[in-house]
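What's in structure10.cif: mmCIF, C-alpha atoms
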data_structure
#
loop_
_atom_site.group_PDB
_atom_site.id
_atom_site.type_symbol
_atom_site.label_atom_id
_atom_site.label_comp_id
_atom_site.auth_asym_id
_atom_site.auth_seq_id
_atom_site.Cartn_x
_atom_site.Cartn_y
_atom_site.Cartn_z
ATOM 1 C CA PRO A 8 2.976 -14.486 1.467
ATOM 2 C CA PRO A 9 4.614 -11.232 0.377
ATOM 3 C CA LEU A 10 4.487 -8.830 3.346
ATOM 4 C CA THR A 11 2.764 -5.454 3.433
ATOM 5 C CA SER A 12 5.320 -2.788 4.312
ATOM 6 C CA VAL A 13 5.960 0.949 4.492
ATOM 7 C CA ASP A 14 8.172 2.516 1.819
ATOM 8 C CA MET A 15 10.072 5.135 3.827
ATOM 9 C CA ASN A 16 11.416 6.875 0.698
ATOM 10 C CA LEU A 17 15.005 6.420 1.857
ATOM 11 C CA VAL A 18 16.398 8.322 -1.140
ATOM 12 C CA ALA A 19 14.633 11.506 -0.015
ATOM 13 C CA LEU A 20 15.552 10.828 3.608
ATOM 14 C CA GLY A 21 19.239 10.434 2.741
ATOM 15 C CA ARG A 22 19.171 13.551 0.577
ATOM 16 C CA GLU A 23 17.631 15.619 3.387
ATOM 17 C CA ALA A 24 20.193 14.295 5.874
ATOM 18 C CA GLY A 25 23.074 14.982 3.479
ATOM 19 C CA LEU A 26 21.935 18.535 2.756
ATOM 20 C CA THR A 27 21.562 19.213 6.477
ATOM 21 C CA LEU A 28 25.045 17.863 7.135
ATOM 22 C CA LEU A 29 26.545 19.976 4.342
ATOM 23 C CA SER A 30 24.868 23.079 5.760
ATOM 24 C CA LEU A 31 26.282 22.370 9.214
ATOM 25 C CA VAL A 32 29.775 21.758 7.838
ATOM 26 C CA GLY A 33 29.465 25.026 5.908
ATOM 27 C CA GLY A 34 28.786 26.907 9.135
ATOM 28 C CA GLN A 35 25.056 27.400 8.610
ATOM 29 C CA PRO A 36 22.674 26.565 11.446
ATOM 30 C CA ALA A 37 20.330 23.627 11.026
ATOM 31 C CA ALA A 38 16.611 24.287 11.353
ATOM 32 C CA PRO A 39 15.398 22.806 14.631
ATOM 33 C CA GLY A 40 12.408 20.514 14.841
ATOM 34 C CA ILE A 41 11.029 17.471 13.116
ATOM 35 C CA ARG A 42 11.091 17.092 9.356
ATOM 36 C CA LYS A 43 8.277 15.085 7.841
ATOM 37 C CA LEU A 44 8.870 13.346 4.540
ATOM 38 C CA PRO A 45 6.303 11.450 2.478
ATOM 39 C CA CYS A 46 6.067 7.689 2.746
ATOM 40 C CA ARG A 47 3.617 5.149 1.364
ATOM 41 C CA LEU A 48 1.996 1.910 2.369
ATOM 42 C CA VAL A 49 2.811 -0.964 0.018
ATOM 43 C CA VAL A 50 -0.079 -3.406 0.352
ATOM 44 C CA ARG A 51 0.752 -7.008 -0.424
ATOM 45 C CA GLN A 52 -0.801 -10.410 0.269
ATOM 46 C CA SER A 53 -0.151 -10.403 4.040
ATOM 47 C CA CYS A 54 -2.957 -7.829 4.291
ATOM 48 C CA GLY A 55 -5.445 -10.078 2.529
ATOM 49 C CA ARG A 56 -4.938 -8.557 -0.913
ATOM 50 C CA PRO A 57 -6.040 -11.040 -3.574
ATOM 51 C CA PRO A 58 -3.324 -12.199 -5.996
ATOM 52 C CA GLY A 59 -3.153 -9.917 -9.028
ATOM 53 C CA GLY A 60 -5.487 -7.349 -7.429
#
As structure tokens, the full file:
Amino acid sequence: PPLTSVDMNLVALGREAGLTLLSLVGGQPAAPGIRKLPCRLVVRQSCGRPPGG
């Protein structure tokens, strides 16, 4: 069956990483700590979801 998975929003993740890298290359300090980006659960049939539902 199609597997339930987590969409990690890799476009936003890559954008955040790229902007951080550009800031560092430009001589600006990077903000310390953990950055939390939104993600979503993609429920499919492996979780018992009925077909078409």
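Using all atoms listed in the file, the shortest contact distance between A:Gly21 and any of A:Ala38, A:Val49, A:Leu44, A:Cys54 is found at A:Leu44.
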Expansion of the PyMOL selection byres ((chain A and resi 13) around 12) into residues, as a VMD selection string: chain A and resid 10 to 12 14 to 17 45 to 51
For the residues in the current selection, export C-alpha atoms as a PDB file, keeping the file's coordinate frame.
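selection05.pdb written:
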ATOM      1  CA  LEU A  10       4.487  -8.830   3.346  1.00  0.00           C
ATOM      2  CA  THR A  11       2.764  -5.454   3.433  1.00  0.00           C
ATOM      3  CA  SER A  12       5.320  -2.788   4.312  1.00  0.00           C
ATOM      4  CA  ASP A  14       8.172   2.516   1.819  1.00  0.00           C
ATOM      5  CA  MET A  15      10.072   5.135   3.827  1.00  0.00           C
ATOM      6  CA  ASN A  16      11.416   6.875   0.698  1.00  0.00           C
ATOM      7  CA  LEU A  17      15.005   6.420   1.857  1.00  0.00           C
ATOM      8  CA  PRO A  45       6.303  11.450   2.478  1.00  0.00           C
ATOM      9  CA  CYS A  46       6.067   7.689   2.746  1.00  0.00           C
ATOM     10  CA  ARG A  47       3.617   5.149   1.364  1.00  0.00           C
ATOM     11  CA  LEU A  48       1.996   1.910   2.369  1.00  0.00           C
ATOM     12  CA  VAL A  49       2.811  -0.964   0.018  1.00  0.00           C
ATOM     13  CA  VAL A  50      -0.079  -3.406   0.352  1.00  0.00           C
ATOM     14  CA  ARG A  51       0.752  -7.008  -0.424  1.00  0.00           C
TER      15      ARG A  51
END
Atom CA of A:Val32 to atom CA of A:Val18, straight-line distance in Å: 21.0 Å
Residue neighbourhood A:Ala37, 12 Å, all atoms listed in the file, exclusion window fewer than 3 positions, as a count of residues only: 15
Please return the centre and edge lengths, in Å to one decimal, of a box with edges along x, y and z that contains all listed atoms of stretch 44-52 of chain A, widened by 3 Å on every side, as AutoDock Vina command-line options.
--center_x 4.0 --center_y 1.5 --center_z 2.1 --size_x 15.7 --size_y 29.8 --size_z 11.0
May I ask you to restore N, CA and C atoms in stretch 22-52 of chain A and write the result as a compact mmCIF listing (two decimals), in the frame of the given file?
# COMPACT_ATOMS: atom_id res chain seq x y z
N ARG A 22 18.90 12.24 1.17
CA ARG A 22 19.17 13.55 0.58
C ARG A 22 18.99 14.66 1.61
N GLU A 23 17.91 14.61 2.35
CA GLU A 23 17.63 15.62 3.39
C GLU A 23 18.72 15.60 4.46
N ALA A 24 19.13 14.41 4.87
CA ALA A 24 20.19 14.30 5.87
C ALA A 24 21.51 14.83 5.33
N GLY A 25 21.83 14.50 4.08
CA GLY A 25 23.07 14.98 3.48
C GLY A 25 23.10 16.50 3.33
N LEU A 26 22.00 17.08 2.89
CA LEU A 26 21.94 18.54 2.76
C LEU A 26 22.06 19.23 4.11
N THR A 27 21.44 18.65 5.13
CA THR A 27 21.56 19.21 6.48
C THR A 27 23.01 19.15 6.96
N LEU A 28 23.65 18.02 6.73
CA LEU A 28 25.04 17.86 7.14
C LEU A 28 25.95 18.85 6.40
N LEU A 29 25.74 19.02 5.10
CA LEU A 29 26.54 19.98 4.34
C LEU A 29 26.34 21.40 4.84
N SER A 30 25.13 21.75 5.20
CA SER A 30 24.87 23.08 5.76
C SER A 30 25.61 23.28 7.07
N LEU A 31 25.59 22.27 7.93
CA LEU A 31 26.28 22.37 9.21
C LEU A 31 27.79 22.49 9.02
N VAL A 32 28.34 21.70 8.11
CA VAL A 32 29.78 21.76 7.84
C VAL A 32 30.14 23.12 7.26
N GLY A 33 29.23 23.71 6.49
CA GLY A 33 29.46 25.03 5.91
C GLY A 33 29.25 26.17 6.88
N GLY A 34 28.93 25.87 8.13
CA GLY A 34 28.79 26.91 9.14
C GLY A 34 27.38 27.48 9.25
N GLN A 35 26.43 26.91 8.54
CA GLN A 35 25.06 27.40 8.61
C GLN A 35 24.30 26.62 9.69
N PRO A 36 23.43 27.29 10.41
CA PRO A 36 22.67 26.56 11.45
C PRO A 36 21.63 25.64 10.82
N ALA A 37 21.37 24.56 11.49
CA ALA A 37 20.33 23.63 11.03
C ALA A 37 19.00 24.05 11.62
N ALA A 38 17.95 23.94 10.85
CA ALA A 38 16.61 24.29 11.35
C ALA A 38 16.21 23.27 12.42
N PRO A 39 15.81 23.75 13.58
CA PRO A 39 15.40 22.81 14.63
C PRO A 39 14.03 22.20 14.31
N GLY A 40 13.73 21.11 14.98
CA GLY A 40 12.41 20.51 14.84
C GLY A 40 12.41 19.22 14.07
N ILE A 41 11.23 18.74 13.80
CA ILE A 41 11.03 17.47 13.12
C ILE A 41 10.72 17.74 11.65
N ARG A 42 11.37 17.00 10.79
CA ARG A 42 11.09 17.09 9.36
C ARG A 42 10.25 15.90 8.96
N LYS A 43 9.16 16.16 8.28
CA LYS A 43 8.28 15.08 7.84
C LYS A 43 8.43 14.91 6.34
N LEU A 44 8.72 13.68 5.95
CA LEU A 44 8.87 13.35 4.54
C LEU A 44 7.77 12.36 4.16
N PRO A 45 7.37 12.37 2.88
CA PRO A 45 6.30 11.45 2.48
C PRO A 45 6.76 9.99 2.50
N CYS A 46 5.83 9.13 2.82
CA CYS A 46 6.07 7.69 2.75
C CYS A 46 4.79 7.08 2.19
N ARG A 47 4.82 5.78 1.90
CA ARG A 47 3.62 5.15 1.36
C ARG A 47 3.50 3.72 1.85
N LEU A 48 2.28 3.28 1.98
CA LEU A 48 2.00 1.91 2.37
C LEU A 48 1.99 1.05 1.12
N VAL A 49 2.75 -0.03 1.14
CA VAL A 49 2.81 -0.96 0.02
C VAL A 49 2.03 -2.21 0.44
N VAL A 50 0.81 -2.31 -0.05
CA VAL A 50 -0.08 -3.41 0.35
C VAL A 50 0.24 -4.63 -0.48
N ARG A 51 0.47 -5.73 0.23
CA ARG A 51 0.75 -7.01 -0.42
C ARG A 51 -0.17 -8.08 0.16
N GLN A 52 0.11 -9.32 -0.10
CA GLN A 52 -0.80 -10.41 0.27
C GLN A 52 -0.96 -10.62 1.77
